[in-house]
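> Have a look at the structure that comes next, please.
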Amino acid sequence: MNFLPPGKYFADGNFALTEGAIHAGCRFFAGYPITPSSEVLERMSIRLPEIGGHFIEMEDEIASMAAILGASNGGSKSMTATSGPGFSLMQENIGLGVITETPTVVLDEMRGGPSTGIPTRVGQGDVMQTRWGSHGDLAPITYAPNSVQESFDLEIEAFNAAETYRQPVIVASDQVVGHLTEILEVKNMEDYHIVQRETRKTRNGNEGVYDYSRDFTPMFAAGTGFRGNVDSLTHDERGYPSNESSVEKEMLEHLLNKVRKNEDKIVKYEEFLVEDSKLVVVAYGITSRSVKRAVKEARKEGLKVGMFRPITLWPFPEKRIRQLAEQSKEFIVPEINYGQYSHSVREYSQTETKEMHFPPGAVPDYRVILKEIERCLK
Amino acid sequence: MRFGVRMYGMGGQGIITLAKLVGEATVEDGKFVLMTEEYSPYVTGGWSKANMVISDDTVDYPIPEQIDYLVTLSQEGLDVNVSDLIPNTKILTELSLVSVPDEWKKQTTEISAIQISKELKNPKGANVVMMGAFSGLTKIFSEESGRRAITKRFPKYVDANIACFEKGFEEGMKFGR
């Protein structure tokens, strides 16, 4: 089998994430098995050799992250899949991907933590780690699917974003979405927009590895003739290391601005009945499906409540949250953690933000969220 | 229409596969199905369960709000789920592994799925016997869709599994409305 043929499938999130990646052009996977993302690794080990790709089971997650960066610099679209404990180990090399401007995709399927926590059950405790996990200043891009369909579609988008903005992009799914089986509809291959990688094979004169006057400089593929330096140290446009603060300023502002200046293009969200709402519930991933149900029930009681679902957790959908803050007197943020994304909602909205903490291990009960909506609006 | 179904057993019995087969067949019939799975952190012998929501409409909330059908291949599957059952819950059990208390007897259908699969020389097919029994008992999906789902999932072992499915279907029919 080449690409997953168009049609309707009864498939789980991990199947969709894998096939979405292959549609997007992923041809290299390196990883270390970990529940709940192991099925992605398993399927990749079968599928990649079928389509001329490469699969490696690595000794750990640090090496996995390093391998996918190497593969990407060698010209291959690459990814890895992990969960909280492995994601922690990957953090340093995620920063390496950022500073070397290496496109790749990291799937973090969240389970209960800290540490090995509840391996087989859901959590949403890595949300701030996808933002601040690696040291230094970063402008991360993180997608949070809430269904099997989105697992497929957003995986393609994550690869496109990685190629466009030249940095590791994170897909933050969770155990329930990964193991949830429902209907997946796959379109014809030509109906998907896939960003193809443009590479430079020969070097013209003094041409740099990077060009900070442009947001996007095409990569060079190692081994094809363009001889360049790719360095984890602060570097100038030639790729050579420097200790100068002025060079750091130039490089870092380029790394941050290529994302910050394009936030409007990157940010994605879903809104449900927010037009006239006096209260907005902000939820992402599997929690948003409990919230949608709670909002439907509350509307039957005449309560003016809506749901706002960030599809990109980062960049934070700042503009829209500020607009919603003007009409809504309060936000509620239910999460399967003890308060993470709620901090950002409070910070950006400058509005009363009520946290709802759900312990890892179960999908939030919509009735508990409904009760909170009633308490706020009655 | 919105049904909640729970399937429960031990790791290795094919509970998750059973749920996927039922889901696939039900989707074939044009319904919306959402299935979540959970298992204990062991490979074999720990518990394994699937929750399903079957609906005429799209499903947002992934947890069944009531258990209309419980299918269990282990005693634990009955014991731990009793508190979630409603008076109308229909229960389907594996005869040789589950002893059903008198109070639940009248709504329970006991199937010798393991025995049947052995007689049909497909000892791994007990879960497919259960799939047939579930179809015969509940009519949630058609016999034809069941066959199609099996063909799709086990292209190399179609006949052996269809045989299990059909025998299970027959058994389920005896107890169905």
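We label chains A, B, ... in the order they appear in the structure tokens, count residues from 1 in each chain, and number ligands from 1 in the order shown.
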List the spatial neighbours of segment 291-296 of chain A as a list in words - criterion: any atom at most 7 Å away, only C-alpha atoms, same-chain residues fewer than 6 positions off excluded.
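The filter keeps Val305, Gly306, Met307, Tyr366, Arg367, Ile369 and Leu370 of chain A; Asp60 and Tyr61 of chain B.
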> Quick one: everything within 12 Å of Ile63 of chain B, counting only C-alpha atoms, minus sequence neighbours fewer than 5 positions away in the same chain. Send it as number ranges by chain.
A: 176, 180, 286-287, 289-290, 293, 362-367; B: 2-6, 33-37, 50-54
> Export, as a PDB file, in the first residue's frame, the selected residues with N, CA and C atoms.

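Below is the file again.pdb, written as the result:
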ATOM      1  N   VAL A 176      -6.716   9.475  25.368  1.00  0.00           N
ATOM      2  CA  VAL A 176      -8.063   9.116  24.905  1.00  0.00           C
ATOM      3  C   VAL A 176      -8.184   9.357  23.393  1.00  0.00           C
ATOM      4  N   LEU A 180      -8.944   6.486  20.783  1.00  0.00           N
ATOM      5  CA  LEU A 180     -10.360   6.590  20.477  1.00  0.00           C
ATOM      6  C   LEU A 180     -10.582   6.101  19.047  1.00  0.00           C
ATOM      7  N   ILE A 286      -9.336  16.333  24.392  1.00  0.00           N
ATOM      8  CA  ILE A 286     -10.513  15.524  24.715  1.00  0.00           C
ATOM      9  C   ILE A 286     -11.480  16.269  25.628  1.00  0.00           C
ATOM     10  N   THR A 287     -10.961  17.157  26.489  1.00  0.00           N
ATOM     11  CA  THR A 287     -11.829  17.899  27.413  1.00  0.00           C
ATOM     12  C   THR A 287     -12.877  18.710  26.648  1.00  0.00           C
ATOM     13  N   ARG A 289     -14.598  17.939  24.224  1.00  0.00           N
ATOM     14  CA  ARG A 289     -15.784  17.159  23.842  1.00  0.00           C
ATOM     15  C   ARG A 289     -16.758  17.037  25.005  1.00  0.00           C
ATOM     16  N   SER A 290     -16.230  17.025  26.226  1.00  0.00           N
ATOM     17  CA  SER A 290     -17.114  17.066  27.400  1.00  0.00           C
ATOM     18  C   SER A 290     -17.754  18.442  27.499  1.00  0.00           C
ATOM     19  N   ARG A 293     -20.676  19.062  25.106  1.00  0.00           N
ATOM     20  CA  ARG A 293     -21.899  18.425  25.610  1.00  0.00           C
ATOM     21  C   ARG A 293     -22.523  19.271  26.723  1.00  0.00           C
ATOM     22  N   ALA A 362      -9.134  10.081  33.748  1.00  0.00           N
ATOM     23  CA  ALA A 362     -10.492   9.956  33.220  1.00  0.00           C
ATOM     24  C   ALA A 362     -10.859  11.179  32.395  1.00  0.00           C
ATOM     25  N   VAL A 363     -11.812  10.980  31.490  1.00  0.00           N
ATOM     26  CA  VAL A 363     -12.366  12.088  30.712  1.00  0.00           C
ATOM     27  C   VAL A 363     -13.244  12.908  31.661  1.00  0.00           C
ATOM     28  N   PRO A 364     -13.116  14.239  31.676  1.00  0.00           N
ATOM     29  CA  PRO A 364     -13.961  15.041  32.566  1.00  0.00           C
ATOM     30  C   PRO A 364     -15.446  14.770  32.337  1.00  0.00           C
ATOM     31  N   ASP A 365     -16.179  14.627  33.447  1.00  0.00           N
ATOM     32  CA  ASP A 365     -17.609  14.368  33.393  1.00  0.00           C
ATOM     33  C   ASP A 365     -18.312  15.675  32.998  1.00  0.00           C
ATOM     34  N   TYR A 366     -19.099  15.622  31.910  1.00  0.00           N
ATOM     35  CA  TYR A 366     -19.718  16.873  31.435  1.00  0.00           C
ATOM     36  C   TYR A 366     -20.678  17.459  32.470  1.00  0.00           C
ATOM     37  N   ARG A 367     -21.221  16.585  33.345  1.00  0.00           N
ATOM     38  CA  ARG A 367     -22.191  17.076  34.324  1.00  0.00           C
ATOM     39  C   ARG A 367     -21.537  17.992  35.360  1.00  0.00           C
TER      40      ARG A 367
ATOM     41  N   ARG B   2     -29.388   6.586  21.070  1.00  0.00           N
ATOM     42  CA  ARG B   2     -28.009   6.591  21.565  1.00  0.00           C
ATOM     43  C   ARG B   2     -27.864   5.425  22.543  1.00  0.00           C
ATOM     44  N   PHE B   3     -27.016   4.463  22.184  1.00  0.00           N
ATOM     45  CA  PHE B   3     -26.791   3.298  23.040  1.00  0.00           C
ATOM     46  C   PHE B   3     -25.417   3.377  23.676  1.00  0.00           C
ATOM     47  N   GLY B   4     -25.308   2.840  24.877  1.00  0.00           N
ATOM     48  CA  GLY B   4     -23.998   2.673  25.487  1.00  0.00           C
ATOM     49  C   GLY B   4     -23.688   1.187  25.586  1.00  0.00           C
ATOM     50  N   VAL B   5     -22.488   0.798  25.183  1.00  0.00           N
ATOM     51  CA  VAL B   5     -22.089  -0.605  25.240  1.00  0.00           C
ATOM     52  C   VAL B   5     -20.752  -0.687  25.968  1.00  0.00           C
ATOM     53  N   ARG B   6     -20.613  -1.639  26.868  1.00  0.00           N
ATOM     54  CA  ARG B   6     -19.305  -1.875  27.486  1.00  0.00           C
ATOM     55  C   ARG B   6     -18.881  -3.317  27.218  1.00  0.00           C
ATOM     56  N   VAL B  33     -20.358   5.669  15.456  1.00  0.00           N
ATOM     57  CA  VAL B  33     -19.857   4.874  16.577  1.00  0.00           C
ATOM     58  C   VAL B  33     -18.600   5.530  17.114  1.00  0.00           C
ATOM     59  N   LEU B  34     -18.510   5.577  18.423  1.00  0.00           N
ATOM     60  CA  LEU B  34     -17.289   6.050  19.051  1.00  0.00           C
ATOM     61  C   LEU B  34     -16.888   5.013  20.092  1.00  0.00           C
ATOM     62  N   MET B  35     -15.642   4.619  20.057  1.00  0.00           N
ATOM     63  CA  MET B  35     -15.177   3.590  20.985  1.00  0.00           C
ATOM     64  C   MET B  35     -13.922   4.080  21.708  1.00  0.00           C
ATOM     65  N   THR B  36     -13.914   3.916  23.020  1.00  0.00           N
ATOM     66  CA  THR B  36     -12.682   4.213  23.761  1.00  0.00           C
ATOM     67  C   THR B  36     -12.219   2.919  24.410  1.00  0.00           C
ATOM     68  N   GLU B  37     -10.927   2.783  24.571  1.00  0.00           N
ATOM     69  CA  GLU B  37     -10.411   1.553  25.153  1.00  0.00           C
ATOM     70  C   GLU B  37      -9.513   1.865  26.341  1.00  0.00           C
ATOM     71  N   ALA B  50     -13.566  -1.897  26.680  1.00  0.00           N
ATOM     72  CA  ALA B  50     -13.910  -0.928  25.640  1.00  0.00           C
ATOM     73  C   ALA B  50     -15.285  -0.362  25.963  1.00  0.00           C
ATOM     74  N   ASN B  51     -15.413   0.941  25.829  1.00  0.00           N
ATOM     75  CA  ASN B  51     -16.715   1.606  25.960  1.00  0.00           C
ATOM     76  C   ASN B  51     -17.134   2.073  24.582  1.00  0.00           C
ATOM     77  N   MET B  52     -18.390   1.868  24.244  1.00  0.00           N
ATOM     78  CA  MET B  52     -18.846   2.314  22.925  1.00  0.00           C
ATOM     79  C   MET B  52     -20.102   3.152  23.048  1.00  0.00           C
ATOM     80  N   VAL B  53     -20.167   4.180  22.223  1.00  0.00           N
ATOM     81  CA  VAL B  53     -21.395   4.942  22.080  1.00  0.00           C
ATOM     82  C   VAL B  53     -21.847   4.747  20.641  1.00  0.00           C
ATOM     83  N   ILE B  54     -23.069   4.283  20.458  1.00  0.00           N
ATOM     84  CA  ILE B  54     -23.613   4.060  19.112  1.00  0.00           C
ATOM     85  C   ILE B  54     -24.804   4.989  18.954  1.00  0.00           C
TER      86      ILE B  54
END
> Could you write out as an mmCIF file with C-alpha atoms, in the first residue's frame the residues of chain B within 12 Å of chain A, counting only C-alpha atoms?

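What ended up in iface20.cif:
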data_model
loop_
_atom_site.group_PDB
_atom_site.id
_atom_site.type_symbol
_atom_site.label_atom_id
_atom_site.label_comp_id
_atom_site.auth_asym_id
_atom_site.auth_seq_id
_atom_site.Cartn_x
_atom_site.Cartn_y
_atom_site.Cartn_z
ATOM 1 C CA ILE B 16 -10.616 -4.528 21.941
ATOM 2 C CA THR B 17 -10.730 -6.390 18.621
ATOM 3 C CA ALA B 19 -15.290 -3.865 20.015
ATOM 4 C CA LYS B 20 -13.556 -2.730 16.814
ATOM 5 C CA LEU B 21 -15.351 -5.408 14.815
ATOM 6 C CA VAL B 22 -18.724 -4.429 16.264
ATOM 7 C CA GLY B 23 -17.915 -0.782 15.582
ATOM 8 C CA GLU B 24 -16.810 -1.395 12.039
ATOM 9 C CA ALA B 25 -19.949 -3.403 11.263
ATOM 10 C CA THR B 26 -22.179 -0.752 12.827
ATOM 11 C CA VAL B 27 -20.457 2.017 10.845
ATOM 12 C CA GLU B 28 -21.092 -0.068 7.706
ATOM 13 C CA GLY B 30 -24.536 4.000 8.474
ATOM 14 C CA LYS B 31 -24.539 4.695 12.200
ATOM 15 C CA PHE B 32 -22.053 6.797 14.180
ATOM 16 C CA VAL B 33 -19.857 4.874 16.577
ATOM 17 C CA LEU B 34 -17.289 6.050 19.051
ATOM 18 C CA MET B 35 -15.177 3.590 20.985
ATOM 19 C CA THR B 36 -12.682 4.213 23.761
ATOM 20 C CA GLU B 37 -10.411 1.553 25.153
ATOM 21 C CA GLU B 38 -8.596 1.078 28.428
ATOM 22 C CA TYR B 39 -6.380 -1.632 29.733
ATOM 23 C CA SER B 40 -4.378 -2.359 32.862
ATOM 24 C CA PRO B 41 -0.606 -2.040 32.543
ATOM 25 C CA TYR B 42 0.015 -5.743 31.835
ATOM 26 C CA VAL B 43 0.259 -7.661 28.599
ATOM 27 C CA TRP B 47 -8.243 -6.317 32.595
ATOM 28 C CA SER B 48 -9.150 -4.840 29.277
ATOM 29 C CA LYS B 49 -12.233 -2.864 28.401
ATOM 30 C CA ALA B 50 -13.910 -0.928 25.640
ATOM 31 C CA ASN B 51 -16.715 1.606 25.960
ATOM 32 C CA MET B 52 -18.846 2.314 22.925
ATOM 33 C CA VAL B 53 -21.395 4.942 22.080
ATOM 34 C CA ILE B 54 -23.613 4.060 19.112
ATOM 35 C CA SER B 55 -25.804 6.821 17.764
ATOM 36 C CA THR B 58 -22.427 12.505 15.585
ATOM 37 C CA VAL B 59 -21.035 11.772 19.039
ATOM 38 C CA ASP B 60 -19.277 14.532 21.033
ATOM 39 C CA TYR B 61 -19.072 13.174 24.549
ATOM 40 C CA PRO B 62 -17.082 9.944 24.343
ATOM 41 C CA ILE B 63 -18.387 8.219 27.483
ATOM 42 C CA PRO B 64 -21.598 6.138 27.396
ATOM 43 C CA GLU B 65 -24.090 7.763 29.750
ATOM 44 C CA ALA B 149 -16.221 -6.176 8.860
ATOM 45 C CA LYS B 152 -11.855 -6.428 6.103
ATOM 46 C CA ARG B 153 -10.096 -7.128 9.391
#
> Name the residues of segment 3-168 of chain B that come out as strand (DSSP E or B) in a backbone DSSP run; write them as a ChimeraX atom specification.
/B:3-10,32-39,47-55,67-72,85-94,108-111
> For Gly239 of chain A, list every protein, DNA or RNA residue within 8 Å, evaluated using only C-alpha atoms, and leave out those in the same chain fewer than 5 positions away; present the list as a ChimeraX atom specification.
/A:208-210,228-231
> Which residues are near Ile114 of chain B? Cut-off 8 Å, only C-alpha atoms, ignore same chain within fewer than 5 positions. Put them as a PDB file with C-alpha atoms, in the first residue's frame.

ATOM      1  CA  GLU B  94     -19.010 -16.327  28.391  1.00  0.00           C
ATOM      2  CA  SER B  96     -17.443 -21.082  31.174  1.00  0.00           C
ATOM      3  CA  PRO B 123      -9.727 -21.301  19.244  1.00  0.00           C
ATOM      4  CA  GLY B 125     -12.148 -16.867  17.497  1.00  0.00           C
ATOM      5  CA  ALA B 126     -14.135 -16.806  20.761  1.00  0.00           C
TER       6      ALA B 126
END
> Any chance you could list, as number ranges by chain, the residues in chain B that come up helix (DSSP H, G or I) when DSSP is run on the backbone?
B: 15-28, 75-79, 82-84, 102-105, 113-119, 123-138, 143-153, 158-175
> Measuring between only C-alpha atoms, which one of B:Thr109, B:Glu170, B:Val100, B:Lys156 shows the shortest distance to Gly132 of chain B?
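Smallest distance to Gly132 of chain B is found for B:Glu170.
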> Env of Asp29 of chain B: 8 Å cut, atoms = only C-alpha atoms, seq-sep filter 4 positions within chain, self excluded. Answer as a PDB file with N, CA and C atoms, in the first residue's frame.

ATOM      1  N   ALA B  25     -18.706  -2.903  11.853  1.00  0.00           N
ATOM      2  CA  ALA B  25     -19.949  -3.403  11.263  1.00  0.00           C
ATOM      3  C   ALA B  25     -21.070  -2.380  11.423  1.00  0.00           C
ATOM      4  N   PHE B 141     -26.342  -4.299  14.444  1.00  0.00           N
ATOM      5  CA  PHE B 141     -25.822  -4.269  13.074  1.00  0.00           C
ATOM      6  C   PHE B 141     -26.248  -5.546  12.363  1.00  0.00           C
ATOM      7  N   SER B 142     -26.281  -5.514  11.061  1.00  0.00           N
ATOM      8  CA  SER B 142     -26.815  -6.634  10.290  1.00  0.00           C
ATOM      9  C   SER B 142     -25.770  -7.746  10.147  1.00  0.00           C
ATOM     10  N   SER B 145     -23.286  -6.861   7.382  1.00  0.00           N
ATOM     11  CA  SER B 145     -22.241  -5.903   7.761  1.00  0.00           C
ATOM     12  C   SER B 145     -21.198  -6.571   8.655  1.00  0.00           C
TER      13      SER B 145
END
> Name the closest residue to Tyr8 of chain B among the candidates B:Met130, B:Asn88, B:Gln115, B:Asp102; distances are taken between atoms, counting only C-alpha atoms.
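When distances to Tyr8 of chain B are compared using only C-alpha atoms, the smallest one comes from B:Met130.
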> Excluding Ser37 of chain A and residues on its chain fewer than 5 positions from it, collect all residues at most 8 Å away from it, counting only C-alpha atoms, and give them as a list in words.
Asn14, Ala81, Thr82, Ser83, Asp108, Glu109, Gln175 and Gly178 of chain A
> Which residue gives the smallest distance to Pro114 of chain A among A:Phe29, A:Glu355, A:Ile68, A:Asn337, with only C-alpha atoms counted?
A:Asn337
> Expressed in Å to a single decimal, how great is the separation between atom CA of Asp153 of chain A and atom CA of Ala24 of chain A?
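So the answer is 9.5 Å.
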> Kindly indicate which residue among B:Val98, B:Gly136, B:Gly14, B:Leu70 lies nearest to Leu85 of chain B, using only C-alpha atoms for the distances.
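Checking each candidate against Leu85 of chain B, we get B:Leu70 as the closest.
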> Looking at B:Phe169, B:Thr108, B:Ile140, B:Ala163, which one is nearest to Asp56 of chain B, with distances taken over only C-alpha atoms?
B:Ile140
> Could you check the closest approach to Tyr157 of chain B for each of B:Val82, B:Met131, B:Lys124, B:Phe175 and tell me which residue wins, using only C-alpha atoms?
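Going through B:Val82, B:Met131, B:Lys124, B:Phe175 one by one, the smallest distance to Tyr157 of chain B is for B:Lys124.
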> Find the distance between atom CA of Met65 of chain A and atom CA of Phe3 of chain A and write it in Å to one decimal.
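Going from atom CA of Met65 of chain A over to atom CA of Phe3 of chain A covers 25.3 Å.
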> Need the shell around Ile141 of chain A: protein/DNA/RNA residues with any atom at most 9 Å away, counting only C-alpha atoms. Skip same-chain ones fewer than 6 positions apart. Format as a list of chain:residue names?
A:Thr130, A:Arg131, A:Ala158, A:Ala161, A:Ala162, A:Gln167, A:Pro168, A:Val169, A:Ile170, A:Val171, A:Val259, A:Ile266, A:Val267, A:Thr312, A:Leu313, A:Trp314, A:Pro315
> Suppose we keep C-alpha atoms; can you now write the selection as a PDB file, in the first residue's frame?

ATOM      1  CA  THR A 130       5.088  22.212  24.976  1.00  0.00           C
ATOM      2  CA  ARG A 131       5.448  25.996  25.511  1.00  0.00           C
ATOM      3  CA  ALA A 158       1.980  20.155  11.615  1.00  0.00           C
ATOM      4  CA  ALA A 161       4.066  24.286   9.568  1.00  0.00           C
ATOM      5  CA  ALA A 162       7.379  22.593  10.353  1.00  0.00           C
ATOM      6  CA  GLN A 167      11.390  24.334  13.414  1.00  0.00           C
ATOM      7  CA  PRO A 168      10.176  21.315  15.386  1.00  0.00           C
ATOM      8  CA  VAL A 169       6.367  21.415  15.623  1.00  0.00           C
ATOM      9  CA  ILE A 170       4.551  19.613  18.410  1.00  0.00           C
ATOM     10  CA  VAL A 171       1.304  17.691  18.174  1.00  0.00           C
ATOM     11  CA  VAL A 259       6.553  32.691  14.025  1.00  0.00           C
ATOM     12  CA  ILE A 266      -0.824  29.825  12.181  1.00  0.00           C
ATOM     13  CA  VAL A 267      -3.469  30.251  14.886  1.00  0.00           C
ATOM     14  CA  THR A 312      -3.173  25.627  18.175  1.00  0.00           C
ATOM     15  CA  LEU A 313      -2.321  25.834  21.868  1.00  0.00           C
ATOM     16  CA  TRP A 314       0.707  27.897  20.820  1.00  0.00           C
ATOM     17  CA  PRO A 315       0.881  30.494  19.409  1.00  0.00           C
TER      18      PRO A 315
END
